[in-house]
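Chemist: Following this line is start.cif, made up of mmCIF, C-alpha atoms:
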```
data_data
#
loop_
_atom_site.group_PDB
_atom_site.id
_atom_site.type_symbol
_atom_site.label_atom_id
_atom_site.label_comp_id
_atom_site.auth_asym_id
_atom_site.auth_seq_id
_atom_site.Cartn_x
_atom_site.Cartn_y
_atom_site.Cartn_z
ATOM 1 C CA ASP B 1 -12.891 -16.632 3.881
ATOM 2 C CA GLY B 2 -12.714 -13.574 1.638
ATOM 3 C CA GLY B 3 -9.356 -12.291 0.607
ATOM 4 C CA ILE B 4 -6.717 -11.773 -2.030
ATOM 5 C CA THR B 5 -4.489 -14.604 -3.160
ATOM 6 C CA GLN B 6 -1.185 -13.976 -4.878
ATOM 7 C CA SER B 7 0.972 -16.647 -6.428
ATOM 8 C CA PRO B 8 3.691 -17.627 -6.464
ATOM 9 C CA LYS B 9 5.094 -16.240 -3.207
ATOM 10 C CA TYR B 10 8.645 -16.579 -4.475
ATOM 11 C CA LEU B 11 9.790 -16.591 -8.077
ATOM 12 C CA PHE B 12 13.171 -16.694 -9.725
ATOM 13 C CA ARG B 13 13.633 -15.541 -13.279
ATOM 14 C CA LYS B 14 16.500 -15.559 -15.690
ATOM 15 C CA GLU B 15 17.255 -12.369 -17.536
ATOM 16 C CA GLY B 16 15.262 -12.107 -20.768
ATOM 17 C CA GLN B 17 12.325 -14.134 -19.527
ATOM 18 C CA ASN B 18 8.772 -12.934 -19.053
ATOM 19 C CA VAL B 19 6.987 -13.980 -15.874
ATOM 20 C CA THR B 20 3.362 -13.658 -14.815
ATOM 21 C CA LEU B 21 2.237 -13.039 -11.249
ATOM 22 C CA SER B 22 -1.256 -14.145 -10.363
ATOM 23 C CA CYS B 23 -3.740 -12.160 -8.268
ATOM 24 C CA GLU B 24 -7.224 -13.435 -7.439
ATOM 25 C CA GLN B 25 -9.772 -11.858 -5.096
ATOM 26 C CA ASN B 26 -13.128 -13.084 -3.801
ATOM 27 C CA LEU B 27 -14.096 -9.848 -2.068
ATOM 28 C CA ASN B 28 -16.317 -8.720 -4.959
ATOM 29 C CA HIS B 29 -14.202 -5.580 -5.247
ATOM 30 C CA ASP B 30 -14.360 -3.539 -8.417
ATOM 31 C CA ALA B 31 -10.881 -2.006 -8.291
ATOM 32 C CA MET B 32 -7.583 -3.851 -8.295
ATOM 33 C CA TYR B 33 -4.000 -2.621 -8.152
ATOM 34 C CA TRP B 34 -0.414 -3.748 -8.541
ATOM 35 C CA TYR B 35 2.320 -2.140 -6.473
ATOM 36 C CA ARG B 36 6.036 -2.652 -6.434
ATOM 37 C CA GLN B 37 8.027 -2.206 -3.244
ATOM 38 C CA ASP B 38 11.774 -1.668 -3.078
ATOM 39 C CA PRO B 39 13.782 -0.944 0.084
ATOM 40 C CA GLY B 40 13.581 2.726 1.025
ATOM 41 C CA GLN B 41 11.110 3.592 -1.734
ATOM 42 C CA GLY B 42 7.754 2.653 -0.327
ATOM 43 C CA LEU B 43 4.943 1.432 -2.541
ATOM 44 C CA ARG B 44 4.892 2.492 -6.176
ATOM 45 C CA LEU B 45 1.852 1.937 -8.358
ATOM 46 C CA ILE B 46 2.392 -0.106 -11.527
ATOM 47 C CA TYR B 47 -1.136 -0.524 -12.921
ATOM 48 C CA TYR B 48 -4.673 -0.274 -11.655
ATOM 49 C CA SER B 49 -8.082 -1.307 -12.899
ATOM 50 C CA GLN B 50 -11.444 0.104 -11.878
ATOM 51 C CA ILE B 51 -13.643 -2.271 -13.880
ATOM 52 C CA VAL B 52 -13.390 -5.363 -16.043
ATOM 53 C CA ASN B 53 -11.669 -4.863 -19.402
ATOM 54 C CA ASP B 54 -10.259 -1.503 -18.369
ATOM 55 C CA PHE B 55 -6.956 -0.580 -16.747
ATOM 56 C CA GLN B 56 -4.657 2.426 -16.431
ATOM 57 C CA LYS B 57 -0.932 2.869 -16.090
ATOM 58 C CA GLY B 58 0.403 3.885 -12.735
ATOM 59 C CA ASP B 59 3.657 5.643 -11.984
ATOM 60 C CA ILE B 60 6.055 2.904 -13.147
ATOM 61 C CA ALA B 61 4.251 0.906 -15.849
ATOM 62 C CA GLU B 62 7.177 0.536 -18.261
ATOM 63 C CA GLY B 63 8.163 -3.094 -18.700
ATOM 64 C CA TYR B 64 4.928 -4.441 -17.228
ATOM 65 C CA SER B 65 1.590 -5.517 -18.674
ATOM 66 C CA VAL B 66 -1.762 -6.495 -17.164
ATOM 67 C CA SER B 67 -5.170 -7.799 -18.146
ATOM 68 C CA ARG B 68 -8.567 -7.664 -16.457
ATOM 69 C CA GLU B 69 -10.784 -10.196 -18.191
ATOM 70 C CA LYS B 70 -12.614 -11.160 -15.027
ATOM 71 C CA LYS B 71 -13.587 -9.133 -11.979
ATOM 72 C CA GLU B 72 -11.773 -11.564 -9.712
ATOM 73 C CA SER B 73 -8.466 -11.681 -11.542
ATOM 74 C CA PHE B 74 -5.743 -9.141 -12.336
ATOM 75 C CA PRO B 75 -2.516 -10.865 -13.453
ATOM 76 C CA LEU B 76 0.712 -8.912 -13.888
ATOM 77 C CA THR B 77 3.337 -9.838 -16.470
ATOM 78 C CA VAL B 78 6.870 -8.672 -15.866
ATOM 79 C CA THR B 79 8.452 -8.522 -19.294
ATOM 80 C CA SER B 80 12.076 -8.686 -20.325
ATOM 81 C CA ALA B 81 11.865 -4.942 -20.996
ATOM 82 C CA GLN B 82 11.743 -4.264 -17.255
ATOM 83 C CA LYS B 83 15.328 -3.300 -16.455
ATOM 84 C CA ASN B 84 15.356 -4.025 -12.742
ATOM 85 C CA PRO B 85 12.522 -6.418 -11.914
ATOM 86 C CA THR B 86 13.851 -7.791 -8.621
ATOM 87 C CA ALA B 87 11.333 -6.534 -6.054
ATOM 88 C CA PHE B 88 8.409 -7.366 -3.796
ATOM 89 C CA TYR B 89 5.133 -7.163 -5.737
ATOM 90 C CA LEU B 90 1.846 -6.478 -3.987
ATOM 91 C CA CYS B 91 -1.641 -6.856 -5.380
ATOM 92 C CA ALA B 92 -4.499 -4.966 -3.734
ATOM 93 C CA SER B 93 -8.210 -4.352 -4.191
ATOM 94 C CA SER B 94 -10.804 -1.845 -3.048
ATOM 95 C CA MET B 95 -14.533 -1.208 -3.231
ATOM 96 C CA ARG B 96 -14.653 1.406 -5.947
ATOM 97 C CA HIS B 97 -18.113 2.715 -5.279
ATOM 98 C CA LEU B 98 -17.281 3.662 -1.699
ATOM 99 C CA ASN B 99 -14.510 5.889 -3.022
ATOM 100 C CA THR B 100 -12.759 5.759 0.310
ATOM 101 C CA GLY B 101 -9.439 4.408 -0.811
ATOM 102 C CA GLU B 102 -9.160 1.590 1.734
ATOM 103 C CA LEU B 103 -6.994 -1.104 0.202
ATOM 104 C CA PHE B 104 -6.832 -4.803 0.964
ATOM 105 C CA PHE B 105 -3.528 -6.462 0.135
ATOM 106 C CA GLY B 106 -2.472 -9.929 -0.861
ATOM 107 C CA GLU B 107 0.551 -11.544 0.771
ATOM 108 C CA GLY B 108 2.895 -10.469 -1.985
ATOM 109 C CA SER B 109 5.165 -12.122 -4.519
ATOM 110 C CA ARG B 110 8.928 -11.758 -4.284
ATOM 111 C CA LEU B 111 10.621 -11.839 -7.668
ATOM 112 C CA THR B 112 14.356 -12.337 -8.005
ATOM 113 C CA VAL B 113 16.212 -12.106 -11.288
ATOM 114 C CA LEU B 114 19.227 -14.368 -11.476
ATOM 115 C CA GLN L 1 3.016 15.387 -8.274
ATOM 116 C CA LYS L 2 0.942 14.736 -5.202
ATOM 117 C CA GLU L 3 3.291 13.752 -2.382
ATOM 118 C CA VAL L 4 3.133 12.093 0.983
ATOM 119 C CA GLU L 5 6.192 12.516 3.172
ATOM 120 C CA GLN L 6 7.353 10.501 6.125
ATOM 121 C CA ASN L 7 10.617 10.238 8.014
ATOM 122 C CA SER L 8 12.011 6.806 7.219
ATOM 123 C CA GLY L 9 13.434 6.377 10.737
ATOM 124 C CA PRO L 10 14.192 4.171 12.478
ATOM 125 C CA LEU L 11 12.248 5.604 15.369
ATOM 126 C CA SER L 12 13.305 3.862 18.565
ATOM 127 C CA VAL L 13 11.153 3.975 21.682
ATOM 128 C CA PRO L 14 11.345 1.981 24.918
ATOM 129 C CA GLU L 15 8.652 -0.537 25.713
ATOM 130 C CA GLY L 16 5.675 1.123 27.377
ATOM 131 C CA ALA L 17 6.357 4.558 25.890
ATOM 132 C CA ILE L 18 4.272 6.506 23.373
ATOM 133 C CA ALA L 19 5.423 6.281 19.772
ATOM 134 C CA SER L 20 4.546 9.249 17.576
ATOM 135 C CA LEU L 21 4.602 8.829 13.807
ATOM 136 C CA ASN L 22 4.072 11.771 11.484
ATOM 137 C CA CYS L 23 3.087 12.297 7.878
ATOM 138 C CA THR L 24 2.585 15.391 5.723
ATOM 139 C CA TYR L 25 0.818 15.605 2.386
ATOM 140 C CA SER L 26 0.784 18.110 -0.431
ATOM 141 C CA ASP L 27 -2.742 17.814 -1.875
ATOM 142 C CA ARG L 28 -4.838 20.198 0.209
ATOM 143 C CA GLY L 29 -8.037 18.620 -1.082
ATOM 144 C CA SER L 30 -7.205 15.106 0.141
ATOM 145 C CA GLN L 31 -10.138 13.502 1.856
ATOM 146 C CA SER L 32 -9.109 10.166 3.377
ATOM 147 C CA PHE L 33 -6.040 9.169 5.345
ATOM 148 C CA PHE L 34 -4.818 5.721 6.273
ATOM 149 C CA TRP L 35 -2.155 4.121 8.416
ATOM 150 C CA TYR L 36 -0.909 0.700 7.404
ATOM 151 C CA ARG L 37 1.442 -1.492 9.428
ATOM 152 C CA GLN L 38 3.897 -3.666 7.560
ATOM 153 C CA TYR L 39 6.028 -6.292 9.228
ATOM 154 C CA SER L 40 9.290 -7.184 7.514
ATOM 155 C CA GLY L 41 8.650 -9.368 4.483
ATOM 156 C CA LYS L 42 4.879 -9.168 4.854
ATOM 157 C CA SER L 43 2.132 -7.181 3.162
ATOM 158 C CA PRO L 44 0.633 -3.987 4.651
ATOM 159 C CA GLU L 45 -2.393 -4.260 6.900
ATOM 160 C CA LEU L 46 -4.750 -1.384 7.659
ATOM 161 C CA ILE L 47 -4.735 -0.297 11.281
ATOM 162 C CA MET L 48 -6.426 3.130 11.227
ATOM 163 C CA PHE L 49 -8.241 5.480 8.911
ATOM 164 C CA ILE L 50 -9.441 9.018 9.489
ATOM 165 C CA TYR L 51 -11.539 11.408 7.421
ATOM 166 C CA SER L 52 -12.271 14.354 9.714
ATOM 167 C CA ASN L 53 -10.112 16.837 11.570
ATOM 168 C CA GLY L 54 -9.299 15.853 15.118
ATOM 169 C CA ASP L 55 -8.501 12.600 16.875
ATOM 170 C CA LYS L 56 -9.736 9.087 16.330
ATOM 171 C CA GLU L 57 -8.932 6.435 18.916
ATOM 172 C CA ASP L 58 -8.919 2.659 18.550
ATOM 173 C CA GLY L 59 -7.428 0.786 21.465
ATOM 174 C CA ARG L 60 -3.793 1.803 21.877
ATOM 175 C CA PHE L 61 -3.814 3.667 18.565
ATOM 176 C CA THR L 62 -4.845 7.286 17.982
ATOM 177 C CA ALA L 63 -4.873 8.922 14.565
ATOM 178 C CA GLN L 64 -4.752 12.707 14.438
ATOM 179 C CA LEU L 65 -5.644 14.805 11.416
ATOM 180 C CA ASN L 66 -5.034 18.515 10.860
ATOM 181 C CA LYS L 67 -6.151 19.463 7.351
ATOM 182 C CA ALA L 68 -5.184 23.121 7.740
ATOM 183 C CA SER L 69 -1.575 22.116 8.399
ATOM 184 C CA GLN L 70 -1.784 19.114 6.075
ATOM 185 C CA TYR L 71 -0.465 16.562 8.472
ATOM 186 C CA VAL L 72 -1.675 13.316 9.909
ATOM 187 C CA SER L 73 -0.102 11.447 12.790
ATOM 188 C CA LEU L 74 -0.369 8.117 14.536
ATOM 189 C CA LEU L 75 0.195 7.694 18.259
ATOM 190 C CA ILE L 76 0.809 4.276 19.731
ATOM 191 C CA ARG L 77 0.412 4.175 23.492
ATOM 192 C CA ASP L 78 2.065 1.572 25.706
ATOM 193 C CA SER L 79 4.303 0.491 22.839
ATOM 194 C CA GLN L 80 5.094 -3.214 22.685
ATOM 195 C CA PRO L 81 7.934 -5.046 20.927
ATOM 196 C CA SER L 82 5.250 -6.537 18.658
ATOM 197 C CA ASP L 83 4.563 -3.002 17.384
ATOM 198 C CA SER L 84 8.011 -2.977 15.774
ATOM 199 C CA ALA L 85 7.244 -2.615 12.085
ATOM 200 C CA THR L 86 7.166 -0.077 9.284
ATOM 201 C CA TYR L 87 4.169 2.236 9.339
ATOM 202 C CA LEU L 88 2.941 3.512 5.998
ATOM 203 C CA CYS L 89 0.902 6.678 5.659
ATOM 204 C CA ALA L 90 -1.507 6.653 2.711
ATOM 205 C CA VAL L 91 -3.569 9.517 1.345
ATOM 206 C CA PHE L 92 -6.640 9.358 -0.876
ATOM 207 C CA PRO L 93 -6.871 12.556 -2.903
ATOM 208 C CA SER L 94 -9.849 14.630 -3.916
ATOM 209 C CA GLY L 95 -11.525 14.973 -7.293
ATOM 210 C CA GLY L 96 -13.425 11.809 -8.020
ATOM 211 C CA TYR L 97 -11.891 8.386 -8.312
ATOM 212 C CA GLN L 98 -8.166 8.584 -7.792
ATOM 213 C CA LYS L 99 -5.378 6.343 -6.688
ATOM 214 C CA VAL L 100 -3.977 6.222 -3.200
ATOM 215 C CA THR L 101 -0.522 7.717 -2.645
ATOM 216 C CA PHE L 102 1.791 6.144 -0.086
ATOM 217 C CA GLY L 103 4.634 7.579 1.928
ATOM 218 C CA ILE L 104 7.885 5.634 2.172
ATOM 219 C CA GLY L 105 7.037 4.470 5.675
ATOM 220 C CA THR L 106 8.570 4.997 9.108
ATOM 221 C CA LYS L 107 10.350 2.079 10.716
ATOM 222 C CA LEU L 108 9.479 1.781 14.388
ATOM 223 C CA GLN L 109 11.650 -0.154 16.828
ATOM 224 C CA VAL L 110 10.278 -0.803 20.306
ATOM 225 C CA ILE L 111 13.119 -1.671 22.655
ATOM 226 C CA PRO L 112 12.264 -4.164 25.460
#
```
Could you express the structure from this file as structure tokens?
Modeler:
Amino acid sequence: DGGITQSPKYLFRKEGQNVTLSCEQNLNHDAMYWYRQDPGQGLRLIYYSQIVNDFQKGDIAEGYSVSREKKESFPLTVTSAQKNPTAFYLCASSMRHLNTGELFFGEGSRLTVL
Amino acid sequence: QKEVEQNSGPLSVPEGAIASLNCTYSDRGSQSFFWYRQYSGKSPELIMFIYSNGDKEDGRFTAQLNKASQYVSLLIRDSQPSDSATYLCAVFPSGGYQKVTFGIGTKLQVIP
């Protein structure tokens, strides 16, 4: 079955540690995205990538980093520079050439800083 | 800043009633509009999309778009307790490849 797989679903981090969230898709989608969701704030875009080896900052990129070495994979690293990393992180993908904006989401990763 | 605005709710409706969810957007050139449903602790799932002015119906759901007034709405007929969720409005702007902008979502509670 085609879809987006995020791992881990739950992650606990000590302050000062970097963590990497995995996102893999087998939908053959060109574009991939990382969103952060906090209560009462909706979805905020962290980074997005339209093609392999290219990515752009979203609205809240500070303290995060990404890579796009393969079409299927778009991992997100939450660095120690991120001041308030506890949140629900969502990875999504879309068919870029259709330009319609329909997004397909993974199940999310919930990060808690201890 | 291109914005999408929704009332966060909660919107409470009795079972069997019509739930009406509204969304306004600031970018007049926006071309695609989406409604996602998100259950607590889960990821959003697409339930409706609309591109043209007017109504689009899919089962118990109707999306309505009025580009002149810059609003899009979602009607849920015969509301069920299983419809209780947060409904996110998303707007795809104009001008080539862009990123989707989401509203904060409206929490719907269907009371049995």
Chemist: Calculate how many Å separate atom CA of L:Ala63 from atom CA of L:Tyr25, rounding to one decimal.
Modeler: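 Computing the Euclidean distance for atom CA of L:Ala63 and atom CA of L:Tyr25 yields 15.0 Å.
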Chemist: To one decimal in Å, tell me the separation between atom CA of L:Gly29 and atom CA of L:Leu88.
Modeler: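 Going from atom CA of L:Gly29 over to atom CA of L:Leu88, I get 20.0 Å.
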Chemist: If you apply the PyMOL selection byres ((chain L) within 6 of (chain B)) to this file, what residues do you get, as a ChimeraX atom specification?
Modeler: /L:43,92,104
Chemist: Would you write out, as a PyMOL selection string, every residue that the PyMOL selection byres ((chain L and resi 35) around 12) captures in this file?
Modeler: (chain B and resi 101-103) or (chain L and resi 6+21-23+32-34+36-38+44-51+61-65+72-76+86-92+100-106)
Chemist: How many Å separate atom CA of L:Ile18 from atom CA of L:Ser52?
Modeler: 22.8 Å
Chemist: Pick the closest to L:Asn66 from L:Asn53, L:Ser84, L:Ser8, L:Ser26: which is it, counting all atoms listed in the file?
Modeler: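 Of all the options, L:Asn53 lies closest to L:Asn66.
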Chemist: For this structure, which residues satisfy the selection - the PyMOL selection byres ((chain L and resi 112) around 7) - when it is evaluated on the file as given? I want them as an MDAnalysis selection string.
Modeler: chainID L and resid 14:15 81 110:111
Chemist: Smallest atom-to-atom distance to B:Val66: which of B:Gln6, B:Thr20, B:Thr112, B:Ser94, using all atoms listed in the file?
Modeler: B:Thr20
Chemist: Extract, using only C-alpha atoms, all DNA, RNA and protein residues at most 6 Å from stretch 68-75 of chain B, discarding same-chain residues fewer than 2 positions from it, and format them as JSON, numbers by chain.
Modeler: {"B": [21, 22, 23, 24, 25, 52, 53, 66]}
Chemist: Which polymer residues have any atom within 6 Å of an atom of L:Lys107, counting all atoms listed in the file, with same-chain residues fewer than 4 positions away left out, as an mmCIF file with C-alpha atoms, keeping the file's coordinate frame?
Modeler:
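Below you can see around_16.cif, which holds the result:
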```
data_model
loop_
_atom_site.group_PDB
_atom_site.id
_atom_site.type_symbol
_atom_site.label_atom_id
_atom_site.label_comp_id
_atom_site.auth_asym_id
_atom_site.auth_seq_id
_atom_site.Cartn_x
_atom_site.Cartn_y
_atom_site.Cartn_z
ATOM 1 C CA GLY L 9 13.434 6.377 10.737
ATOM 2 C CA PRO L 10 14.192 4.171 12.478
ATOM 3 C CA ALA L 85 7.244 -2.615 12.085
ATOM 4 C CA THR L 86 7.166 -0.077 9.284
#
```
Chemist: Give me the residues near B:Ala81 as a PDB file with C-alpha atoms, in the frame of the given file, where near means some atom within 12 Å (using only C-alpha atoms) and where sequence neighbours in that chain fewer than 2 positions away do not count.
Modeler:
```
ATOM      1  CA  GLU B  15      17.255 -12.369 -17.536  1.00  0.00           C
ATOM      2  CA  GLY B  16      15.262 -12.107 -20.768  1.00  0.00           C
ATOM      3  CA  GLN B  17      12.325 -14.134 -19.527  1.00  0.00           C
ATOM      4  CA  ASN B  18       8.772 -12.934 -19.053  1.00  0.00           C
ATOM      5  CA  VAL B  19       6.987 -13.980 -15.874  1.00  0.00           C
ATOM      6  CA  ALA B  61       4.251   0.906 -15.849  1.00  0.00           C
ATOM      7  CA  GLU B  62       7.177   0.536 -18.261  1.00  0.00           C
ATOM      8  CA  GLY B  63       8.163  -3.094 -18.700  1.00  0.00           C
ATOM      9  CA  TYR B  64       4.928  -4.441 -17.228  1.00  0.00           C
ATOM     10  CA  SER B  65       1.590  -5.517 -18.674  1.00  0.00           C
ATOM     11  CA  THR B  77       3.337  -9.838 -16.470  1.00  0.00           C
ATOM     12  CA  VAL B  78       6.870  -8.672 -15.866  1.00  0.00           C
ATOM     13  CA  THR B  79       8.452  -8.522 -19.294  1.00  0.00           C
ATOM     14  CA  LYS B  83      15.328  -3.300 -16.455  1.00  0.00           C
ATOM     15  CA  ASN B  84      15.356  -4.025 -12.742  1.00  0.00           C
ATOM     16  CA  PRO B  85      12.522  -6.418 -11.914  1.00  0.00           C
TER      17      PRO B  85
END
```
Chemist: Do you know which residues are at most 8 Å from L:Ala17 counting all atoms listed in the file, after dropping those on the same chain fewer than 5 positions away, and could you put them as a ChimeraX atom specification?
Modeler: /L:77-79
Chemist: Put those residues in a file: C-alpha atoms, as an mmCIF file, in the frame of the given file.
Modeler:
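Contents of result_34.cif, as written:
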```
data_model
loop_
_atom_site.group_PDB
_atom_site.id
_atom_site.type_symbol
_atom_site.label_atom_id
_atom_site.label_comp_id
_atom_site.auth_asym_id
_atom_site.auth_seq_id
_atom_site.Cartn_x
_atom_site.Cartn_y
_atom_site.Cartn_z
ATOM 1 C CA ARG L 77 0.412 4.175 23.492
ATOM 2 C CA ASP L 78 2.065 1.572 25.706
ATOM 3 C CA SER L 79 4.303 0.491 22.839
#
```
